[in-house]
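S.K.: Quick one: structure below, then a few questions.
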Amino acid sequence: MNDPRLFQGTAAARGSVGEPVRHESAHLHVSGEAAYTDDIREARGTLHAAFGLSQRAHARIKAMDLAAVRAAPGVAAVITAADIPGANDVGPILHDDPILAADEVQYLGQPIFLVAAETVDEARRAARLATVEYEELPAILTIEDALSRQSFVLPTVTLERGDWGAALAGAPHRLKGSFRIGGQEQFYLEGQVAYAVPKEDGDMLVYSSTQHPGEVQMVVAHALRVGVHRVVVECRRMGGGFGGKETQAALPAAAAAVMARHTGRPVKLRYDRDDDITITGKRHDYLVEYEVGFDGAGRILGLDLMFASRCGFSADLSGPINDRTVMHADNCYWLPNVRIVSHRCRTHTQSNTAFRGFGGPQGMLGSEHVVDEIAHHLGLDPLAVRKANFYGASRDLTPYGMQVEDFVADRLFDELERSSEYGLRRDAIRKWNATSPIVKRGIAMTPVKFGIAFTATFFNQASALVHVYQGDGSVLLNHGGTEMGQGLFTKVAQVVAHEFGIDLDRVRVSASDTARIPNASATAASSGSDLNGKAAQAAAREIKARLVAFAAERFKVSPESIRFAANHVEVGEHRLTFAELVRMAYLARVQLWAGGFYKTPKIHYDPKTLKGRPFFYFAYGAAVSEVAIDTLTGETKLLRADILHDVGRSLNPAIDLGQIEGGFVQGMGWLTSEELWWDGRGKLMTHAPSTYKIPVASDVPADFRVQLWARGENVEDSIHRSKAVGEPPLMLAMSVLHAIRDAVASVSAYRLSPRLNAPATPEEVLRAVTDVKARAAEAEQRKAAA
Amino acid sequence: MARAPRSKTPADAVRYLLDGEIRTVGAVEPTRTVLQHLREDLGRTGTKEGCAEGDCGACTVVLAELDGRRVRYRAINSCIQFLPTLDGKALVTVEGLKNRRTGTLHPAQAAMADGHGSQCGFCTPGFVMSLFALYKTDPAPDRIGINDALAGNLCRCTGYRPIVDAARTMYALGRAVPQRDQDWCTAPAGSKSKPAAESEAGLARALKALRRGKSLVLGHPGGTFYAPRTAAELAALRVRLPEARMLAGGTDVGLWVTKQHRPLGDLLYVGAATDLQRIVVTAEHLDIGAAVSLTYAFSAIERAYPASREVLRRFASPPIRNAGTLAGNVANGSPIGDSMPPLIALGARVVLRHGDARRELPLEALYLAYQRMAMQPGEFVERVLVPLPRTGLQFATYKVSKRFDQDISAVCAAFALVVERGTVGSARVAFGGLAATPKRASACEAALTGRPWTEATCEQAAAALGTDFAPITDMRASAAYRLAVAQNLLRKFHLETSGALAGAPSRLYDLHQVPA
């Protein structure tokens, strides 16, 4: 029954694999009918909860007087750590992340109690009425602080290959330096929210805006000290996730469930935006130091890289995130002799967490910065230095020992260089800059190579459930993935429709639900459609195989002659509608539902040595950005972006295009306008959209040319040879930062390399411009003196 | 707290139109927001809360109001709009756009859905409403116009390109709406459709029927909401209730409620006073009433001073400018309010009214210290007077912020120089973001006045800014950066006015126009 001919494409049905159909909920999004967790009709007696937050970065709680909170209008209950029946913990790997801090607070904004009231307003007003007495403890707020005090959430990791020390020492050219990379708030438009509804006999139903219902289920069960089978977690959709609801959703869910158990009433906990940004983890900020040895063509001979990230007060996912930094520090470049050191700094700030790219972007910026510095030093076009260092034949082994078997960044580069007219434009920009005293333009082209799979091998599994209803042949699909806007439900439904040869609207996807699919991995690591698509395909194929066997027997034809296409099934000379065959099969007592399972092949990885084949394959892309900067204010503007991205054979080109454009713009925000700023007490002051600035429509270039790579095809047996597209495009935005560097360099007539940190805010750009000018003037003076 | 006698506050109710029906809401806390009302009272959960401070646009709704015999439409942020301000208006939410008979999506909705303008969908209702407002107010926006219309809406998924495209394709979809389905909702601005005109006339009649004979007074234990219909009535109430909070657009006051949970007590709403809703152009100035929205005030100021265009269009977002008033921005006296530096540089004055008495102040004299204004109890800003352009005036204003659109300034600068035969006759220089109030730079002005308008003078004046200001460091910018940028903006102004640029651009805004 595994004859691949049975599973050939069925293009004649509407909405099959490869078609640019719109998001399955698009019509509901635009009409306001799509229900998010806070939109679910509330059960009678629902209470609304709000956290009381620590006002110190690091302190011992000496006394907490909650009398005023309890007495506030509408308040039904107030709980502290002591009221949690089970584990006071939401840590996904280490158990160092309390639901409510008990004695010691470890960041400003950490939840210390929970109040529930009749209305949202009453709960939030009451939460401010606590009197807390703190005994202040020394707080570590910066990466430098943590490094100097050896404050780490996890041990330092070092990955080495070759004699990097000797390679550095013997290289014709050497450079060393350091730079910083800022963090990033996920800024999902729908804030964290959970709604816990007590059921009979101690069961709990939790509606949670989460990328990982299975983990929320487990955390809730442990907090309530009940069997995991007594907790059901459901999520129809999220209003954005971006990694920010991978582990962070567990806290509001656990807190709401504990309060629901405590009061016996349904409890909803929805963070106000300020609380959301104050409480939750973000993308890690990094300090990067490097020393590189290279030859006259800019080829890297030896590289020593140090990454130190701010993890915050607990480990959360910082281990795998920083591992991914290490494993993406090569980006597309062959590093024959290399050391990569990764420090995971513990600070008294929010516990940083997953965010699209998961540490990869910071690693890639490391080598991109290095190649850019090399180019400046040698007076070469950075594009040439990038090409000179690309992986290639007999230089295809990553520092972690995985062979790069599917390298296409060179081909993407060549195509994009031509189509974007990079060379002509670079020359024109240099001429133009000479005539423009205030506004300067810059251009840069950067590549992306991103490893696809969870580095924790066991996460690379998925299950799906497909039901075919005998009444009309319609199909209900459920899988372990979650929908956060990325179009996963649409793509997986397309896969199932394709298998049955039926129109997409005959397949309905139901909410993610731990009662239907147990033990599902987080929808993360860009793996949603790879894993769930394959699992759903397996389930559909099982049903299809049963239908084929039934039809072959009933109509006395060979199984190979049966075709599913255009909502019909061709059985020898007979042509039935899909619904007719399903009905016949039902009457003949054929099982019309199936579970499907998938585990990613080939991957293995030793987290201790960081060696192995952690990734199934790589996704690639390339981008050219052209920017303008104002050298008097430091403001920047992206004028044009050209992108060529490899999604393999696209499951849905419209959705993939949306991921690429959206990822690029989100990455641009990370590297330009989005700045997290803590005051001296460790209070995050950029906790709302008034102070934290994500891109808006006018930041997107009027000239925005995005192409899926027409020749893309996954060399591995992924779902329909497609490639994951969630995270990789974010890193296309490195081209924006490097274009800004190019523009800044123009003020020294390209003689000096700018010292520019990310994010390149106006202040940072003006600082870099002023610094380059000062160094250029100094150099002039030295020359004159000599 | 002063409270009006009970006998004079009979039970009254807010009346507004929703989906063609009159809604009557009595006994409501005056600070209840439109968003709370929609989601919690009416169960209309299509409108979302993203930030509860008017910065993300997920809560955008559209108000329809009578403007003479016509109906005008404006997007606002429902999260910070108090429910009683809906009185007499029609509220349009995302649920109201779809044709209820046929189930057909509105052109703005269909363009978004078919053009892949939604991913997670949470911001989408807000975008749809901003697009709807654009559809009803601009028959053919260009890219800049679309950017402007969407400046108050954040999307974290799409990267905006498909939304910008939807803002173009919705007009074509609108033209394709069958005759029998055309009404005021489906017809774009400038439509010649007869059924649409008839339907809009019906809406106008319904709005007219909501007009009150008496001012709205909404009693509530936490405070009474007064919506006087004339300036005189407002002035009298202001004298009688000097402790009452003035409320105009509520774009700042709203946050005191949603973010700080402050009880506000009695509220005096400016927006119902029809005689304060006007701009009068006299021989000397624009006379802008206290209830005039920033949108209308800015369009008048921009006509008089085209150089103000960039700063004024970068002021907050359309929903904020549609709700907020110029007088409110001025009276609020924020050190980072962007209307004050250009107005101070232009020599604007405010008319303060107390009962029937009025006095005028130069705008800069209104600001005594951080959030302390030169206003007496019972006084309020009745009008703002903006002088009309004089010959020989060189005027420019600049804004520097992390994001181009809808951000709060690190520095806002305005320069107004009268240069005669190469010499600076008079100089008015004002900054926001450098001090506890919007402030003139007197040392800088002194260094300019009477001097030749040269680079050397410019450098001396720039140095003088160091004595004018000692800015602070915060999340928007460091003190050093603020001062450096202030000085650089003066240098930029000099370069722009001295002909030294030879056609080279001086502002990134100039590069927003490319390409076709």
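Going by the structure tokens order, chains are called A, B, ..., each with residues numbered from 1, while ligands are numbered from 1 in the order shown.
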Pull out every residue of chain B that has at least one atom within 7 Å of chain A, counting only C-alpha atoms, and report them as number ranges by chain.
M.R.: B: 45-47, 50-51, 55-56, 94-95, 98, 109, 112-114, 116, 118-125, 128, 147, 150-151, 154, 156-160, 261, 402-403, 407, 475, 477, 481, 485, 488, 504-508, 514-515
S.K.: Using N, CA and C atoms, can you write the selected residues to a file as a compact mmCIF listing (two decimals), in the first residue's frame?
M.R.:
# COMPACT_ATOMS: atom_id res chain seq x y z
N THR B 45 -17.03 41.41 20.30
CA THR B 45 -15.60 41.20 20.57
C THR B 45 -14.74 41.32 19.33
N GLY B 46 -15.33 41.77 18.23
CA GLY B 46 -14.51 41.98 17.02
C GLY B 46 -13.46 43.05 17.22
N THR B 47 -13.79 44.07 17.99
CA THR B 47 -12.87 45.15 18.28
C THR B 47 -11.94 44.70 19.40
N GLY B 50 -5.27 46.01 22.21
CA GLY B 50 -3.87 45.64 22.03
C GLY B 50 -2.97 46.34 23.02
N CYS B 51 -3.34 47.57 23.42
CA CYS B 51 -2.44 48.30 24.31
C CYS B 51 -3.18 49.17 25.32
N ASP B 55 -2.03 53.39 20.98
CA ASP B 55 -0.79 53.33 20.21
C ASP B 55 -0.71 52.15 19.24
N CYS B 56 -1.67 51.22 19.29
CA CYS B 56 -1.55 50.05 18.41
C CYS B 56 -2.65 49.94 17.39
N VAL B 94 -16.26 46.85 13.33
CA VAL B 94 -15.93 45.89 12.28
C VAL B 94 -17.10 44.95 11.99
N GLU B 95 -17.93 44.73 13.00
CA GLU B 95 -19.08 43.83 12.79
C GLU B 95 -20.13 44.47 11.89
N LYS B 98 -19.92 44.24 7.23
CA LYS B 98 -20.38 43.15 6.37
C LYS B 98 -21.86 43.36 6.05
N GLN B 109 -12.84 44.91 3.72
CA GLN B 109 -12.64 43.57 4.29
C GLN B 109 -12.21 42.57 3.23
N MET B 112 -8.65 42.99 2.12
CA MET B 112 -7.71 42.46 3.12
C MET B 112 -7.69 40.93 3.08
N ALA B 113 -8.86 40.31 3.01
CA ALA B 113 -8.92 38.85 3.07
C ALA B 113 -8.30 38.24 1.82
N ASP B 114 -8.70 38.74 0.65
CA ASP B 114 -8.21 38.14 -0.59
C ASP B 114 -6.76 38.50 -0.88
N HIS B 116 -4.34 38.65 1.33
CA HIS B 116 -3.47 38.10 2.36
C HIS B 116 -3.01 39.19 3.33
N SER B 118 -4.15 39.61 6.30
CA SER B 118 -4.19 39.18 7.70
C SER B 118 -3.37 37.90 7.86
N GLN B 119 -2.69 37.80 8.99
CA GLN B 119 -2.04 36.54 9.33
C GLN B 119 -2.64 36.06 10.66
N CYS B 120 -2.16 36.62 11.77
CA CYS B 120 -2.79 36.19 13.03
C CYS B 120 -4.18 36.78 13.17
N GLY B 121 -4.41 37.91 12.52
CA GLY B 121 -5.76 38.46 12.47
C GLY B 121 -6.15 39.36 13.63
N PHE B 122 -5.29 39.50 14.61
CA PHE B 122 -5.69 40.23 15.81
C PHE B 122 -5.73 41.74 15.56
N CYS B 123 -4.78 42.22 14.77
CA CYS B 123 -4.77 43.65 14.44
C CYS B 123 -5.76 43.97 13.33
N THR B 124 -6.24 42.91 12.64
CA THR B 124 -6.98 43.10 11.39
C THR B 124 -8.25 43.94 11.52
N PRO B 125 -9.10 43.72 12.54
CA PRO B 125 -10.28 44.57 12.63
C PRO B 125 -9.92 46.06 12.70
N VAL B 128 -8.91 47.14 9.26
CA VAL B 128 -10.10 47.24 8.41
C VAL B 128 -10.82 48.57 8.68
N ASN B 147 0.16 55.33 3.88
CA ASN B 147 1.02 55.25 5.06
C ASN B 147 0.45 56.09 6.19
N LEU B 150 -2.56 54.60 7.85
CA LEU B 150 -2.29 53.38 8.62
C LEU B 150 -1.28 53.61 9.73
N ALA B 151 -0.86 54.86 9.94
CA ALA B 151 0.22 55.13 10.89
C ALA B 151 -0.14 54.75 12.33
N LEU B 154 -0.63 48.97 14.27
CA LEU B 154 0.53 48.08 14.29
C LEU B 154 0.13 46.69 13.83
N ARG B 156 2.21 42.94 13.49
CA ARG B 156 3.49 42.31 13.78
C ARG B 156 3.76 41.14 12.83
N CYS B 157 2.78 40.79 11.99
CA CYS B 157 2.93 39.59 11.16
C CYS B 157 3.28 39.87 9.71
N THR B 158 2.53 40.75 9.07
CA THR B 158 2.54 40.76 7.60
C THR B 158 3.68 41.55 6.98
N GLY B 159 4.22 42.51 7.71
CA GLY B 159 5.17 43.42 7.07
C GLY B 159 4.47 44.48 6.23
N TYR B 160 3.14 44.59 6.38
CA TYR B 160 2.32 45.70 5.86
C TYR B 160 2.11 45.73 4.35
N HIS B 261 -5.46 54.04 36.37
CA HIS B 261 -6.65 53.73 37.17
C HIS B 261 -7.00 54.89 38.11
N LYS B 402 12.64 57.69 17.31
CA LYS B 402 13.17 56.38 16.90
C LYS B 402 12.46 55.86 15.67
N ARG B 403 11.16 56.12 15.60
CA ARG B 403 10.40 55.67 14.44
C ARG B 403 9.85 56.89 13.75
N ASP B 407 5.49 58.34 16.77
CA ASP B 407 6.42 58.19 17.89
C ASP B 407 6.45 59.51 18.63
N MET B 475 14.31 56.75 28.19
CA MET B 475 14.26 55.66 27.21
C MET B 475 14.21 56.17 25.78
N ALA B 477 16.00 58.94 24.56
CA ALA B 477 17.30 59.43 24.13
C ALA B 477 18.10 59.90 25.33
N TYR B 481 22.64 63.24 23.41
CA TYR B 481 22.08 63.13 22.06
C TYR B 481 21.06 64.23 21.81
N VAL B 485 21.53 66.82 18.83
CA VAL B 485 20.57 66.87 17.72
C VAL B 485 19.94 68.26 17.62
N ASN B 488 22.37 70.21 15.81
CA ASN B 488 22.43 69.80 14.41
C ASN B 488 21.21 70.25 13.61
N ALA B 504 20.56 68.96 -2.98
CA ALA B 504 20.69 67.68 -2.27
C ALA B 504 19.64 67.62 -1.17
N PRO B 505 19.14 66.42 -0.88
CA PRO B 505 18.09 66.33 0.14
C PRO B 505 18.63 66.63 1.53
N SER B 506 17.76 67.15 2.38
CA SER B 506 18.18 67.41 3.76
C SER B 506 17.34 66.60 4.74
N ARG B 507 16.30 65.97 4.22
CA ARG B 507 15.42 65.22 5.12
C ARG B 507 15.09 63.87 4.49
N LEU B 508 15.04 62.85 5.34
CA LEU B 508 14.67 61.52 4.84
C LEU B 508 13.23 61.53 4.32
N VAL B 514 9.68 58.30 -3.29
CA VAL B 514 10.07 57.39 -4.37
C VAL B 514 9.55 56.00 -4.09
N PRO B 515 9.42 55.14 -5.07
CA PRO B 515 9.33 55.47 -6.49
C PRO B 515 7.86 55.52 -6.87
S.K.: Extract the full set of strand (DSSP E) residues from segment 220-305 of chain B according to DSSP on the backbone, and format it as a ChimeraX atom specification.
M.R.: /B:225-227,245-247,267-269,279-281,285-289
S.K.: Which is closest to Lys176 of chain A among A:Ala101, A:Ala71, A:Val288, A:Leu756, if we use only C-alpha atoms?
M.R.: A:Val288
S.K.: May I have the residues within 10 Å of Arg356 of chain A as a PyMOL selection string, using only C-alpha atoms and disregarding those fewer than 5 positions away in the same chain?
M.R.: chain A and resi 186+241-244+283+361+524-526+663+666-667+726-731
S.K.: Name all residues at most 12 Å from Gly15 of chain A (count only C-alpha atoms; drop same-chain ones fewer than 6 positions away) and give them as an NGL selection string.
M.R.: :A and (21-24 or 490-507 or 566-567 or 651-654)
S.K.: Within 8 Å of Arg174 of chain A, counting only C-alpha atoms, which residues show up once you throw out same-chain ones fewer than 4 positions away? Write them as number ranges by chain, please.
M.R.: A: 168, 291-294
S.K.: Next, the residues of the selection above should be written as a CSV table (one decimal), in the first residue's frame with N, CA and C atoms.
M.R.:
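Ended up saving to result_3.csv:
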chain,number,residue,atom,x,y,z
A,168,LEU,N,45.2,32.0,13.8
A,168,LEU,CA,45.1,33.5,14.0
A,168,LEU,C,46.5,34.1,14.0
A,291,GLU,N,38.1,37.9,17.4
A,291,GLU,CA,39.4,38.1,16.8
A,291,GLU,C,39.4,37.2,15.5
A,292,VAL,N,39.9,37.8,14.4
A,292,VAL,CA,39.8,37.0,13.2
A,292,VAL,C,41.2,37.2,12.5
A,293,GLY,N,41.6,36.1,11.9
A,293,GLY,CA,42.8,36.1,11.0
A,293,GLY,C,42.4,35.8,9.6
A,294,PHE,N,42.9,36.5,8.6
A,294,PHE,CA,42.4,36.3,7.2
A,294,PHE,C,43.5,36.6,6.2
S.K.: Any idea what's packed within 7 Å of segment 332-338 of chain B, counting only C-alpha atoms, ignoring anything in its chain fewer than 6 positions away? Could you give it as number ranges by chain?
M.R.: B: 315, 367, 371, 408-409, 412, 432-433, 435-438
S.K.: Take the residues just selected and output them with N, CA and C atoms as an mmCIF file, in the first residue's frame.
M.R.:
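What follows is the written file selection_19.cif:
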data_model
loop_
_atom_site.group_PDB
_atom_site.id
_atom_site.type_symbol
_atom_site.label_atom_id
_atom_site.label_comp_id
_atom_site.auth_asym_id
_atom_site.auth_seq_id
_atom_site.Cartn_x
_atom_site.Cartn_y
_atom_site.Cartn_z
ATOM 1 N N PHE B 315 2.709 63.706 13.806
ATOM 2 C CA PHE B 315 2.149 63.857 15.156
ATOM 3 C C PHE B 315 1.217 62.678 15.417
ATOM 4 N N TYR B 367 3.346 78.097 30.002
ATOM 5 C CA TYR B 367 4.049 76.996 30.663
ATOM 6 C C TYR B 367 4.983 77.509 31.750
ATOM 7 N N GLN B 371 4.110 70.368 33.921
ATOM 8 C CA GLN B 371 2.674 70.183 34.130
ATOM 9 C C GLN B 371 2.051 71.273 35.002
ATOM 10 N N ILE B 408 6.930 59.456 19.854
ATOM 11 C CA ILE B 408 7.068 60.680 20.633
ATOM 12 C C ILE B 408 8.484 61.208 20.410
ATOM 13 N N SER B 409 8.590 62.502 20.256
ATOM 14 C CA SER B 409 9.873 63.098 19.890
ATOM 15 C C SER B 409 10.938 62.898 20.950
ATOM 16 N N CYS B 412 11.911 67.935 19.341
ATOM 17 C CA CYS B 412 11.112 68.619 18.328
ATOM 18 C C CYS B 412 11.605 70.066 18.303
ATOM 19 N N GLY B 432 10.882 71.148 21.913
ATOM 20 C CA GLY B 432 10.251 70.189 22.815
ATOM 21 C C GLY B 432 11.256 69.082 23.078
ATOM 22 N N GLY B 433 11.126 68.434 24.221
ATOM 23 C CA GLY B 433 11.999 67.303 24.541
ATOM 24 C C GLY B 433 13.306 67.690 25.216
ATOM 25 N N ALA B 435 13.418 70.204 27.822
ATOM 26 C CA ALA B 435 13.190 70.811 29.138
ATOM 27 C C ALA B 435 11.890 70.256 29.705
ATOM 28 N N ALA B 436 11.513 70.726 30.874
ATOM 29 C CA ALA B 436 10.306 70.229 31.530
ATOM 30 C C ALA B 436 9.039 70.772 30.889
ATOM 31 N N THR B 437 9.204 71.768 30.019
ATOM 32 C CA THR B 437 8.071 72.326 29.282
ATOM 33 C C THR B 437 8.534 72.583 27.853
ATOM 34 N N PRO B 438 7.592 72.792 26.939
ATOM 35 C CA PRO B 438 7.992 73.326 25.632
ATOM 36 C C PRO B 438 8.591 74.709 25.890
#
S.K.: Excluding Tyr750 of chain A and its own-chain neighbours fewer than 6 positions away, which residues fall within 12 Å of it when counting only C-alpha atoms? Please give them as a PyMOL selection string.
M.R.: chain A and resi 373+375-382+430+433-434+440+442+741-744+769+772-773+776
S.K.: Take the selection from the previous step and output its residues with C-alpha atoms, as an mmCIF file, in the first residue's frame.
M.R.:
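Now in again11.cif:
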data_model
loop_
_atom_site.group_PDB
_atom_site.id
_atom_site.type_symbol
_atom_site.label_atom_id
_atom_site.label_comp_id
_atom_site.auth_asym_id
_atom_site.auth_seq_id
_atom_site.Cartn_x
_atom_site.Cartn_y
_atom_site.Cartn_z
ATOM 1 C CA GLU A 373 35.005 44.310 9.072
ATOM 2 C CA ALA A 375 35.997 43.929 3.776
ATOM 3 C CA HIS A 376 36.455 47.406 5.240
ATOM 4 C CA HIS A 377 39.970 46.571 6.342
ATOM 5 C CA LEU A 378 40.971 45.309 2.912
ATOM 6 C CA GLY A 379 38.998 47.922 0.978
ATOM 7 C CA LEU A 380 36.978 45.201 -0.722
ATOM 8 C CA ASP A 381 33.300 45.009 -1.533
ATOM 9 C CA PRO A 382 31.762 43.111 1.405
ATOM 10 C CA ARG A 430 28.978 56.165 -3.881
ATOM 11 C CA ASN A 433 26.956 60.374 -1.604
ATOM 12 C CA ALA A 434 29.789 62.620 -2.720
ATOM 13 C CA LYS A 440 23.921 59.447 2.771
ATOM 14 C CA GLY A 442 24.204 52.705 1.759
ATOM 15 C CA ARG A 741 27.010 50.521 8.224
ATOM 16 C CA ASP A 742 27.827 51.188 4.578
ATOM 17 C CA ALA A 743 26.105 54.572 4.703
ATOM 18 C CA VAL A 744 27.899 55.524 7.922
ATOM 19 C CA VAL A 769 28.751 58.865 12.421
ATOM 20 C CA VAL A 772 33.846 57.738 12.307
ATOM 21 C CA LYS A 773 34.242 61.444 11.560
ATOM 22 C CA ALA A 776 38.935 60.131 10.167
#
S.K.: Looking at only C-alpha atoms, which of B:Ala149, B:Ile472, B:Leu203, B:Ile163 is the one that sits closest to Glu21 of chain B?
M.R.: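 Smallest separation from Glu21 of chain B among the options: B:Leu203.
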S.K.: If you measure from atom CA of Pro362 of chain B to atom CA of Ser426 of chain B, what distance in Å do you get, rounded to one decimal?
M.R.: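 Computed distance, atom CA of Pro362 of chain B to atom CA of Ser426 of chain B, equals 16.3 Å.
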S.K.: If you run DSSP on the backbone here, which positions in segment 151-370 of chain B get helix (DSSP H, G or I)? Please write them as a count of residues only.
M.R.: 95
S.K.: Pick out the closest residue to Ala453 of chain A from this set: A:Arg426, A:His574, A:Lys387, A:Lys599. Count only C-alpha atoms.
M.R.: A:Lys599
